[in-house]
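Containing TSV, C-alpha atoms and all ligand atoms: protein.tsv.
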chain	number	residue	atom	x	y	z
H	1	MET	CA	-17.64	-24.27	12.02
H	2	SER	CA	-14.39	-25.36	10.42
H	3	LEU	CA	-12.48	-23.10	8.08
H	4	SER	CA	-13.92	-23.01	4.57
H	5	PRO	CA	-11.52	-21.23	2.19
H	6	GLU	CA	-13.83	-22.01	-0.75
H	7	ARG	CA	-16.50	-19.89	0.92
H	8	THR	CA	-14.09	-16.91	0.91
H	9	VAL	CA	-13.62	-17.25	-2.85
H	10	ALA	CA	-17.40	-17.51	-3.35
H	11	GLU	CA	-17.94	-14.39	-1.21
H	12	LEU	CA	-15.32	-12.46	-3.16
H	13	ARG	CA	-17.26	-13.30	-6.34
H	14	GLU	CA	-20.51	-12.24	-4.63
H	15	LEU	CA	-18.97	-8.87	-3.71
H	16	ARG	CA	-17.71	-8.45	-7.26
H	17	GLU	CA	-21.22	-9.03	-8.65
H	18	LEU	CA	-22.69	-6.58	-6.16
H	19	THR	CA	-20.22	-3.70	-6.48
H	20	GLY	CA	-18.48	-4.10	-9.84
H	21	ASP	CA	-19.41	-3.62	-13.47
H	22	GLU	CA	-17.90	-4.53	-16.85
H	23	ASN	CA	-14.98	-2.16	-16.11
H	24	GLY	CA	-14.09	-3.61	-12.71
H	25	ALA	CA	-14.67	-2.86	-9.02
H	26	GLN	CA	-16.38	0.48	-8.25
H	27	ARG	CA	-16.09	0.64	-4.46
H	28	VAL	CA	-14.50	4.08	-4.28
H	29	ALA	CA	-14.49	5.29	-0.67
H	30	TRP	CA	-17.18	7.75	0.45
H	31	THR	CA	-19.60	6.72	-2.33
H	32	GLU	CA	-22.94	4.89	-2.26
H	33	THR	CA	-21.36	1.72	-3.69
H	34	TRP	CA	-18.73	1.75	-0.94
H	35	ALA	CA	-21.46	2.18	1.70
H	36	SER	CA	-23.38	-0.75	0.24
H	37	ALA	CA	-20.23	-2.91	0.33
H	38	ARG	CA	-19.83	-2.02	4.04
H	39	GLN	CA	-23.44	-2.96	4.66
H	40	TRP	CA	-22.87	-6.27	2.85
H	41	LEU	CA	-19.82	-6.95	5.03
H	42	ARG	CA	-21.84	-6.13	8.15
H	43	GLU	CA	-24.45	-8.71	7.16
H	44	LYS	CA	-21.70	-11.32	6.73
H	45	VAL	CA	-20.26	-10.68	10.19
H	46	VAL	CA	-23.45	-10.26	12.27
H	47	PRO	CA	-24.25	-14.01	12.39
H	48	ILE	CA	-20.74	-14.68	13.77
H	49	GLY	CA	-21.56	-12.61	16.84
H	50	ALA	CA	-18.74	-10.08	16.47
H	51	GLU	CA	-19.84	-6.62	17.51
H	52	GLU	CA	-19.61	-3.76	15.04
H	53	GLU	CA	-18.31	-0.25	15.77
H	54	ILE	CA	-17.61	2.59	13.35
H	55	ASP	CA	-14.87	4.84	14.69
H	56	GLU	CA	-14.38	8.61	14.25
H	57	ALA	CA	-12.40	8.13	11.02
H	58	GLY	CA	-15.02	5.86	9.47
H	59	ASN	CA	-13.13	2.62	10.08
H	60	GLN	CA	-15.45	-0.36	10.51
H	61	TRP	CA	-14.46	-2.65	13.42
H	62	PHE	CA	-15.83	-6.09	14.30
H	63	THR	CA	-14.87	-7.38	17.73
H	64	LEU	CA	-14.92	-10.98	18.90
H	65	PRO	CA	-14.29	-10.92	22.67
H	66	GLY	CA	-11.57	-13.20	24.01
H	67	ALA	CA	-10.17	-14.23	27.38
H	68	SER	CA	-8.08	-11.04	27.43
H	69	GLU	CA	-9.08	-7.51	26.43
H	70	ARG	CA	-5.80	-7.16	24.57
H	71	ALA	CA	-6.56	-7.58	20.91
H	72	LEU	CA	-5.16	-9.27	17.86
H	73	LEU	CA	-6.12	-7.16	14.84
H	74	ILE	CA	-6.72	-8.39	11.30
H	75	GLY	CA	-7.12	-5.65	8.70
H	76	GLY	CA	-8.14	-4.91	5.14
H	77	HIS	CA	-10.01	-2.34	3.07
H	78	ILE	CA	-13.19	-2.73	1.06
H	79	ASP	CA	-12.64	0.45	-0.95
H	80	SER	CA	-11.20	0.15	-4.45
H	81	VAL	CA	-9.87	2.47	-7.12
H	82	PRO	CA	-12.34	3.23	-9.95
H	83	ASN	CA	-12.31	0.29	-12.39
H	84	GLY	CA	-10.30	-1.65	-9.82
H	85	GLY	CA	-9.66	-5.34	-9.24
H	86	TRP	CA	-11.80	-7.84	-7.36
H	87	LEU	CA	-9.22	-8.78	-4.70
H	88	ASP	CA	-7.26	-5.69	-3.61
H	89	GLY	CA	-8.15	-5.02	0.02
H	90	CYS	CA	-11.28	-7.18	0.22
H	91	LEU	CA	-9.48	-10.54	0.10
H	92	ASN	CA	-7.95	-9.55	3.47
H	93	LEU	CA	-11.37	-8.79	4.94
H	94	LEU	CA	-13.17	-11.87	3.69
H	95	ALA	CA	-10.32	-14.15	4.73
H	96	GLY	CA	-10.54	-12.40	8.12
H	97	VAL	CA	-14.29	-13.06	8.25
H	98	GLU	CA	-13.61	-16.76	7.63
H	99	VAL	CA	-11.02	-16.81	10.43
H	100	LEU	CA	-13.56	-15.11	12.77
H	101	ARG	CA	-16.14	-17.79	11.92
H	102	ARG	CA	-13.70	-20.54	12.81
H	103	LEU	CA	-12.62	-18.84	16.04
H	104	ALA	CA	-16.16	-18.00	17.18
H	105	ASP	CA	-17.09	-21.63	16.83
H	106	GLU	CA	-14.26	-22.75	19.10
H	107	GLY	CA	-15.20	-20.53	22.06
H	108	ALA	CA	-13.40	-17.48	23.43
H	109	PRO	CA	-9.89	-17.07	21.94
H	110	PRO	CA	-7.01	-16.19	24.33
H	111	LEU	CA	-6.98	-12.62	22.99
H	112	THR	CA	-9.85	-10.51	21.73
H	113	VAL	CA	-9.84	-10.63	17.93
H	114	ARG	CA	-10.82	-7.54	15.92
H	115	LEU	CA	-11.34	-7.34	12.17
H	116	VAL	CA	-10.96	-3.81	10.80
H	117	ASN	CA	-12.15	-2.48	7.47
H	118	TRP	CA	-10.01	0.64	7.07
H	119	ALA	CA	-11.74	3.64	5.51
H	120	ASP	CA	-10.33	4.97	2.24
H	121	GLU	CA	-7.05	3.10	1.87
H	122	GLU	CA	-6.79	3.98	-1.81
H	123	GLY	CA	-7.37	7.73	-1.67
H	124	ALA	CA	-8.90	7.42	-5.13
H	125	ARG	CA	-11.39	10.27	-4.82
H	126	PHE	CA	-9.36	12.88	-2.92
H	127	GLY	CA	-5.78	11.78	-3.55
H	128	ARG	CA	-5.10	11.00	0.13
H	129	SER	CA	-4.24	7.32	0.72
H	130	LEU	CA	-4.47	5.50	4.08
H	131	PHE	CA	-7.06	7.92	5.49
H	132	GLY	CA	-8.57	5.71	8.20
H	133	SER	CA	-5.42	3.87	9.21
H	134	SER	CA	-3.36	7.06	9.48
H	135	ALA	CA	-6.04	8.58	11.72
H	136	ALA	CA	-6.03	5.49	13.95
H	137	ALA	CA	-2.23	5.46	14.00
H	138	GLY	CA	-2.15	9.15	14.97
H	139	SER	CA	0.00	10.05	11.96
H	140	MET	CA	-2.70	12.09	10.19
H	141	THR	CA	-1.05	15.48	10.52
H	142	ASP	CA	-2.53	17.07	7.40
H	143	GLN	CA	-6.09	17.79	8.52
H	144	ASP	CA	-5.77	21.48	7.55
H	145	GLU	CA	-4.72	20.50	4.06
H	146	LEU	CA	-7.43	17.81	3.86
H	147	ARG	CA	-10.07	20.44	4.64
H	148	GLY	CA	-9.24	22.12	1.32
H	149	ARG	CA	-9.22	18.99	-0.82
H	150	ARG	CA	-11.90	18.57	-3.48
H	151	ASP	CA	-12.84	15.72	-5.78
H	152	ALA	CA	-13.15	16.01	-9.57
H	153	ASP	CA	-16.72	17.33	-9.18
H	154	GLY	CA	-15.68	20.04	-6.71
H	155	VAL	CA	-17.08	18.29	-3.62
H	156	ALA	CA	-14.96	19.11	-0.55
H	157	LEU	CA	-13.50	16.22	1.44
H	158	PRO	CA	-15.08	17.26	4.77
H	159	ASP	CA	-18.53	17.29	3.11
H	160	ALA	CA	-18.04	13.90	1.45
H	161	VAL	CA	-16.89	12.20	4.66
H	162	ALA	CA	-19.66	13.91	6.67
H	163	GLN	CA	-22.20	12.17	4.44
H	164	HIS	CA	-20.84	8.94	5.87
H	165	GLY	CA	-20.90	10.12	9.47
H	166	VAL	CA	-17.28	11.26	9.75
H	167	ASP	CA	-16.33	14.64	11.25
H	168	LEU	CA	-12.84	15.37	9.91
H	169	ASP	CA	-12.01	17.46	13.00
H	170	ARG	CA	-12.57	14.42	15.20
H	171	ALA	CA	-10.95	11.77	12.95
H	172	LEU	CA	-7.87	11.49	15.15
H	173	GLU	CA	-10.04	10.29	18.03
H	174	ALA	CA	-9.90	6.93	16.19
H	175	ARG	CA	-6.50	6.59	17.90
H	176	LYS	CA	-8.11	4.95	20.89
H	177	GLN	CA	-8.88	1.92	18.70
H	178	LEU	CA	-5.22	0.89	18.72
H	179	GLU	CA	-4.91	1.06	22.51
H	180	GLY	CA	-4.51	-2.46	23.77
H	181	ALA	CA	-3.63	-3.86	20.36
H	182	ALA	CA	-1.20	-6.76	20.76
H	183	ALA	CA	-0.43	-7.36	17.10
H	184	TYR	CA	-1.69	-6.63	13.59
H	185	LEU	CA	-1.99	-9.06	10.66
H	186	GLU	CA	-2.78	-8.24	7.05
H	187	LEU	CA	-3.10	-10.51	4.05
H	188	HIS	CA	-2.92	-8.84	0.64
H	189	ILE	CA	-2.43	-9.65	-3.00
H	190	GLU	CA	1.17	-8.96	-4.02
H	191	GLN	CA	0.26	-6.51	-6.84
H	192	GLY	CA	3.63	-7.29	-8.41
H	193	PRO	CA	5.27	-10.12	-10.38
H	194	VAL	CA	7.80	-11.54	-7.89
H	195	LEU	CA	5.92	-14.52	-6.41
H	196	GLU	CA	4.61	-15.59	-9.81
H	197	SER	CA	8.10	-15.46	-11.30
H	198	LEU	CA	9.35	-17.68	-8.46
H	199	GLY	CA	6.42	-20.07	-8.89
H	200	LEU	CA	5.32	-19.49	-5.28
H	201	PRO	CA	1.74	-18.97	-4.07
H	202	LEU	CA	2.58	-17.10	-0.87
H	203	GLY	CA	5.20	-14.79	0.61
H	204	VAL	CA	5.99	-13.07	3.88
H	205	VAL	CA	6.34	-9.29	3.70
H	206	LEU	CA	9.46	-7.87	5.36
H	207	GLY	CA	8.11	-4.35	5.53
H	208	THR	CA	7.29	-1.45	3.26
H	209	PHE	CA	9.89	0.42	1.28
H	210	GLY	CA	11.24	3.79	2.27
H	211	VAL	CA	10.78	6.28	-0.55
H	212	GLU	CA	12.83	9.31	-1.67
H	213	ARG	CA	11.20	11.47	-4.35
H	214	HIS	CA	13.06	14.38	-5.89
H	215	LEU	CA	12.81	16.83	-8.74
H	216	VAL	CA	16.26	16.98	-10.41
H	217	THR	CA	16.69	19.92	-12.75
H	218	PHE	CA	19.55	20.14	-15.23
H	219	ARG	CA	20.19	23.61	-16.69
H	220	GLY	CA	22.17	24.23	-19.89
H	221	GLN	CA	21.79	26.76	-22.68
H	222	ALA	CA	19.17	26.88	-25.40
H	223	ALA	CA	20.97	27.19	-28.74
H	224	HIS	CA	20.13	26.83	-32.42
H	225	ALA	CA	20.02	23.19	-33.51
H	226	GLY	CA	21.58	24.08	-36.85
H	227	SER	CA	24.29	26.57	-36.00
H	228	THR	CA	25.67	25.18	-32.72
H	229	PRO	CA	28.53	22.69	-33.25
H	230	MET	CA	28.24	19.47	-31.25
H	231	ASP	CA	31.28	20.23	-29.08
H	232	GLN	CA	29.99	23.65	-28.08
H	233	ARG	CA	26.62	22.66	-26.67
H	234	ARG	CA	25.42	22.82	-23.08
H	235	ASP	CA	22.65	20.26	-23.44
H	236	ALA	CA	20.55	19.75	-20.30
H	237	LEU	CA	18.94	16.63	-21.71
H	238	ALA	CA	22.36	14.96	-21.99
H	239	GLY	CA	22.71	15.16	-18.19
H	240	ALA	CA	19.20	13.77	-17.70
H	241	ALA	CA	19.81	10.93	-20.14
H	242	LYS	CA	23.08	9.93	-18.50
H	243	LEU	CA	21.44	10.00	-15.07
H	244	GLU	CA	18.51	7.86	-16.21
H	245	LEU	CA	20.86	5.12	-17.40
H	246	GLU	CA	23.13	5.42	-14.36
H	247	LEU	CA	20.11	4.75	-12.08
H	248	ARG	CA	20.16	1.13	-13.26
H	249	GLU	CA	23.78	0.80	-12.14
H	250	ILE	CA	23.07	2.44	-8.80
H	251	ALA	CA	20.11	0.16	-8.08
H	252	ALA	CA	22.13	-2.90	-9.12
H	253	ARG	CA	25.11	-1.85	-6.97
H	254	VAL	CA	22.99	-1.32	-3.85
H	255	GLY	CA	20.83	-4.37	-4.57
H	256	ARG	CA	18.65	-6.08	-1.90
H	257	GLY	CA	15.48	-5.11	-3.77
H	258	ALA	CA	16.55	-1.54	-4.58
H	259	VAL	CA	14.49	0.24	-7.22
H	260	CYS	CA	15.08	3.61	-8.92
H	261	THR	CA	12.77	5.20	-11.46
H	262	MET	CA	12.94	8.36	-13.52
H	263	GLY	CA	9.21	8.70	-13.95
H	264	GLY	CA	9.21	11.74	-16.20
H	265	VAL	CA	11.39	14.34	-17.91
H	266	VAL	CA	10.09	17.73	-19.06
H	267	THR	CA	12.39	19.59	-21.43
H	268	LYS	CA	12.36	23.28	-22.31
H	269	PRO	CA	12.11	24.90	-24.72
H	270	GLY	CA	11.07	21.51	-26.05
H	271	ILE	CA	11.19	22.39	-29.74
H	272	VAL	CA	12.91	20.50	-32.50
H	273	THR	CA	15.15	23.41	-33.48
H	274	SER	CA	16.79	24.02	-30.10
H	275	VAL	CA	19.28	22.37	-27.79
H	276	VAL	CA	17.50	21.63	-24.47
H	277	GLU	CA	17.99	24.39	-21.90
H	278	THR	CA	16.32	22.76	-18.90
H	279	ALA	CA	15.44	19.14	-18.19
H	280	GLU	CA	13.28	18.54	-15.11
H	281	CYS	CA	13.47	14.91	-14.01
H	282	LEU	CA	11.12	13.16	-11.58
H	283	LEU	CA	13.14	10.69	-9.55
H	284	ASP	CA	11.74	7.96	-7.26
H	285	GLN	CA	14.07	5.72	-5.20
H	286	ARG	CA	12.94	2.95	-2.85
H	287	HIS	CA	14.60	0.58	-0.43
H	288	LEU	CA	13.65	-1.42	2.65
H	289	ASP	CA	16.75	-0.30	4.54
H	290	ALA	CA	17.21	3.35	5.51
H	291	THR	CA	21.02	3.23	5.21
H	292	TRP	CA	20.92	1.77	1.71
H	293	LEU	CA	18.20	4.21	0.69
H	294	ALA	CA	20.42	7.08	1.81
H	295	GLU	CA	23.33	5.50	-0.05
H	296	MET	CA	21.27	5.30	-3.25
H	297	LEU	CA	20.23	8.91	-2.92
H	298	SER	CA	23.78	10.14	-2.40
H	299	ASN	CA	24.99	7.99	-5.32
H	300	ALA	CA	22.39	9.58	-7.59
H	301	GLU	CA	23.31	13.08	-6.37
H	302	ALA	CA	27.02	12.45	-6.99
H	303	ALA	CA	26.32	10.99	-10.43
H	304	SER	CA	24.18	13.98	-11.39
H	305	ARG	CA	27.01	16.39	-10.42
H	306	LYS	CA	29.54	14.36	-12.39
H	307	PHE	CA	27.33	14.38	-15.50
H	308	ALA	CA	26.59	18.09	-15.10
H	309	HIS	CA	30.34	18.73	-15.00
H	310	GLU	CA	30.97	16.57	-18.09
H	311	GLU	CA	28.24	18.38	-20.04
H	312	GLY	CA	29.06	21.90	-18.85
H	313	ILE	CA	25.60	22.29	-17.32
H	314	GLU	CA	24.22	22.81	-13.81
H	315	VAL	CA	22.12	20.58	-11.63
H	316	GLU	CA	19.77	21.33	-8.74
H	317	TRP	CA	17.90	18.94	-6.42
H	318	GLN	CA	14.55	19.60	-4.77
H	319	LYS	CA	12.82	17.17	-2.45
H	320	ILE	CA	9.23	16.30	-3.35
H	321	TRP	CA	8.38	13.73	-0.66
H	322	SER	CA	9.96	11.01	1.40
H	323	ILE	CA	9.00	8.33	3.90
H	324	GLU	CA	11.21	6.11	5.98
H	325	PRO	CA	11.23	2.31	5.49
H	326	ILE	CA	8.84	0.51	7.83
H	327	PRO	CA	10.18	-2.92	8.80
H	328	PHE	CA	7.74	-5.47	10.20
H	329	ASP	CA	8.06	-7.33	13.50
H	330	ASP	CA	10.76	-10.06	13.69
H	331	ARG	CA	8.72	-12.33	15.91
H	332	LEU	CA	5.70	-12.14	13.61
H	333	LEU	CA	7.91	-12.61	10.55
H	334	ALA	CA	9.05	-15.94	11.99
H	335	LEU	CA	5.45	-16.99	12.72
H	336	ALA	CA	4.39	-15.94	9.23
H	337	ASP	CA	7.21	-18.03	7.73
H	338	GLU	CA	5.96	-21.04	9.70
H	339	ALA	CA	2.36	-20.50	8.58
H	340	VAL	CA	3.32	-20.16	4.91
H	341	LEU	CA	5.63	-23.17	5.09
H	342	GLU	CA	2.92	-25.35	6.62
H	343	VAL	CA	0.40	-24.37	4.00
H	344	SER	CA	2.48	-24.27	0.83
H	345	GLY	CA	5.80	-26.00	1.55
H	346	THR	CA	8.06	-23.00	0.83
H	347	SER	CA	8.31	-19.56	2.35
H	348	HIS	CA	9.87	-16.54	0.70
H	349	ARG	CA	10.39	-13.12	2.23
H	350	LEU	CA	9.97	-10.03	0.10
H	351	PRO	CA	9.55	-6.29	0.62
H	352	SER	CA	6.43	-4.38	-0.34
H	353	GLY	CA	6.78	-1.63	-2.93
H	354	PRO	CA	3.32	-0.16	-2.34
H	355	LEU	CA	2.36	1.28	1.03
H	356	HIS	CA	-0.39	-0.48	2.95
H	357	ASP	CA	-2.52	0.19	6.05
H	358	ALA	CA	-0.15	-2.21	7.81
H	359	ALA	CA	2.62	0.39	7.48
H	360	GLU	CA	0.57	2.92	9.45
H	361	VAL	CA	-0.17	0.39	12.18
H	362	ALA	CA	3.51	-0.60	12.37
H	363	ARG	CA	4.51	3.08	12.60
H	364	ALA	CA	2.22	3.36	15.61
H	365	GLY	CA	4.46	0.81	17.33
H	366	ILE	CA	2.23	-2.24	17.08
H	367	PRO	CA	3.93	-5.52	16.06
H	368	THR	CA	2.82	-6.03	12.48
H	369	VAL	CA	3.26	-8.46	9.62
H	370	MET	CA	1.75	-9.02	6.18
H	371	LEU	CA	1.30	-12.04	3.95
H	372	PHE	CA	1.27	-11.72	0.17
H	373	VAL	CA	-0.48	-14.06	-2.22
H	374	GLN	CA	0.62	-14.27	-5.83
H	375	SER	CA	-0.93	-11.83	-8.33
H	376	LEU	CA	-1.28	-13.23	-11.85
H	377	ARG	CA	0.84	-11.21	-14.32
H	378	GLY	CA	1.61	-8.88	-11.40
H	379	LEU	CA	-1.43	-6.77	-12.30
H	380	SER	CA	-3.51	-4.72	-9.86
H	381	HIS	CA	-5.70	-1.59	-9.88
H	382	THR	CA	-7.31	-2.92	-13.07
H	383	LYS	CA	-10.15	-5.32	-13.80
H	384	LEU	CA	-7.43	-7.71	-15.06
H	385	GLU	CA	-6.24	-8.20	-11.46
H	386	ASP	CA	-6.48	-11.90	-10.65
H	387	THR	CA	-5.22	-14.77	-8.46
H	388	SER	CA	-6.07	-18.45	-8.96
H	389	ASP	CA	-8.80	-19.93	-6.74
H	390	GLU	CA	-6.26	-22.45	-5.48
H	391	HIS	CA	-3.90	-19.73	-4.30
H	392	LEU	CA	-6.70	-17.68	-2.76
H	393	GLU	CA	-7.69	-20.71	-0.71
H	394	LEU	CA	-4.09	-21.26	0.39
H	395	ALA	CA	-3.97	-17.60	1.44
H	396	VAL	CA	-7.02	-18.02	3.67
H	397	GLN	CA	-5.42	-21.07	5.26
H	398	ALA	CA	-2.14	-19.23	5.81
H	399	LEU	CA	-3.90	-16.28	7.48
H	400	ASP	CA	-5.79	-18.73	9.68
H	401	ARG	CA	-2.58	-20.52	10.74
H	402	LEU	CA	-0.83	-17.22	11.38
H	403	THR	CA	-3.77	-16.05	13.51
H	404	THR	CA	-3.56	-19.19	15.66
H	405	LYS	CA	0.19	-18.77	16.09
H	406	ALA	CA	-0.10	-15.07	16.93
H	407	LEU	CA	-2.87	-15.76	19.45
H	408	GLU	CA	-0.55	-18.20	21.23
H	409	ALA	CA	2.56	-16.04	21.02
H	410	PHE	CA	0.99	-12.74	22.08
H	411	ALA	CA	-1.46	-14.04	24.70
B	501	ZN	ZN	-4.97	-2.73	-1.09

Here is the file; what I need is its structure written in the form of structure tokens.
Ligand SMILES: [Zn+2]
Amino acid sequence: MSLSPERTVAELRELRELTGDENGAQRVAWTETWASARQWLREKVVPIGAEEEIDEAGNQWFTLPGASERALLIGGHIDSVPNGGWLDGCLNLLAGVEVLRRLADEGAPPLTVRLVNWADEEGARFGRSLFGSSAAAGSMTDQDELRGRRDADGVALPDAVAQHGVDLDRALEARKQLEGAAAYLELHIEQGPVLESLGLPLGVVLGTFGVERHLVTFRGQAAHAGSTPMDQRRDALAGAAKLELELREIAARVGRGAVCTMGGVVTKPGIVTSVVETAECLLDQRHLDATWLAEMLSNAEAASRKFAHEEGIEVEWQKIWSIEPIPFDDRLLALADEAVLEVSGTSHRLPSGPLHDAAEVARAGIPTVMLFVQSLRGLSHTKLEDTSDEHLELAVQALDRLTTKALEAFA
């Protein structure tokens, strides 16, 4: 059977009909709709002859045996956010199914090929993203905390996953799935506006951003808005405002895709008749390079101290969360460039702002790369998420080419 990218687009529409409604995709992990989507996927793969296995973390694997037991992995996720888009996560899987069909028809590939449907990439119900892939990668270190998590209806995470055959205490046993993995490929919609703004259908993902998240608190003095002269104020919001604008300069100075966001400011007392005493700022900084990320962070810290001094206020930093940048494999990046070039005539490399299952696999030391296909208007996690049929078909072709190249290179 030769590759039929049109069939992938038709199957994506079929899945949308089956598991979506007028508000978008409803395949939230650990729900009935999610289970029915997994069953639907199973029925698509069975005729190909790939064998199914559900691992201890609920990941759904389909294995096509090759000449070697070492495996090339292709991954995606069929779960969605509530009212999600029709492509996020499932494009990867259905393109992978199409590649499996083509390979199965040509006889045993040089490496075993495994398609994996990661369980609960989105973390929509329990607020824990990358559940299945982090278990398989061995980086799930928060099982104690996960035991206490509940959804909006008060259902505990261990009970919800148990309904789908997963014992949280044994989830890390999924690690054995990555033994013998030679490489990992993932195709995904971009979920951002970069490829569309460049007029390109496809891109090669350099890796996922490192993230530094901090709570920055400026402290001044509450004082009467009427009786306190302008030159005698210690206004915490002035420090926050200066920092917010300086972030643009810092990101521009560091460059290479740097992004900084002040996602929220809470002021106290927060009344119209008082100078602001405290301003709590939520700061998010991202970069693909650890050195530049550290540089951005220290620039922001220095700027905040300078502004605090100018305003006669104090500043305090508290870390909320951070993750290191995860660069993808150089050899696979070169193969991905070739595949994209052959299919669309131009290749462009770009970092990924969002985290993906691929980041977990790469952290586990397995050579990894991702392809992005253009997202119209850069929208995702909404029913407005879309990509043209033409670009979806190019994406399937690019994944197929990349698979062939990886099978040769890693055999
Ligand atoms: Zn996704």

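Atom CA of Val113 of chain H is positioned 9.8 Å from atom CA of Val99 of chain H.
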
Do you know which residues are within 8 Å of ligand ZN 501 (chain B) using only C-alpha atoms and all ligand atoms? Can you write them as JSON, numbers by chain?
-> {"H": [76, 77, 80, 88, 89, 90, 121, 122, 188, 189, 356]}

Determine the axis-aligned bounding box of all atoms of segment 216-233 of chain H present in the file, pad each side by 6 Å, and express its centre and edge lengths in Å to one decimal place as lines of an AutoDock Vina configuration file.
center_x = 23.8
center_y = 22.1
center_z = -23.6
size_x = 27.0
size_y = 22.2
size_z = 38.4

Shell around Trp34 of chain H at 9 Å using all atoms listed in the file, local window under 6 positions removed, as a PyMOL selection string = chain H and resi 19+26-28+78-80

Contacts of segment 149-158 of chain H at 9 Å or less, counting only C-alpha atoms, minus same-chain residues fewer than 2 places along, as a list in words?
-> Arg125, Phe126, Gly127, Glu145, Leu146, Arg147, Ala160, Val161, Ala162, Gln163, Val166, Asp167, Leu168 and Asp169 of chain H

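Closest approach to Lys242 of chain H among H:Leu202, H:Ala336, H:Ala303, H:Ala71 is made by H:Ala303 (distances from all atoms listed in the file).
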
Would you mind reading off the distance between atom CA of Thr278 of chain H and atom CA of Gly263 of chain H, one decimal, in Å?
->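 So the answer is 16.5 Å.
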
Residues within 7 Å of segment 244-260 of chain H, all atoms listed in the file, excluding chain neighbours under 2 positions, as a PyMOL selection string | chain H and resi 240-242+262+284-287+292+296+299-300

Write out as a list in words which residues come within 7 Å of Thr382 of chain H when counting only C-alpha atoms, dropping same-chain ones fewer than 6 positions away.
-> Gly24, Asn83, Gly84 and Gly85 of chain H

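The closest residue to Gly138 of chain H, picked from H:Val396, H:Leu341, H:Ala183, H:Leu172 and counting only C-alpha atoms, is H:Leu172.
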
Could you work out how far atom CA of Gly239 of chain H lies from atom CA of His214 of chain H, giving the answer in Å with one decimal?
->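 For atom CA of His214 of chain H relative to atom CA of Gly239 of chain H, the distance reads 15.7 Å.
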
Residue with smallest distance to Glu186 of chain H - pool H:Ala57, H:Ile326, H:Leu94, H:Val46, counting all atoms listed in the file | H:Leu94

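Proximity to Thr291 of chain H was assessed for H:Gly20, H:Pro325, H:Gly180, H:Gly220 counting all atoms listed in the file; the smallest distance is recorded for H:Pro325.
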
Who sits within 8 Å of Thr273 of chain H, all atoms listed in the file, same chain under 6 positions skipped, as number ranges by chain = H: 224-226
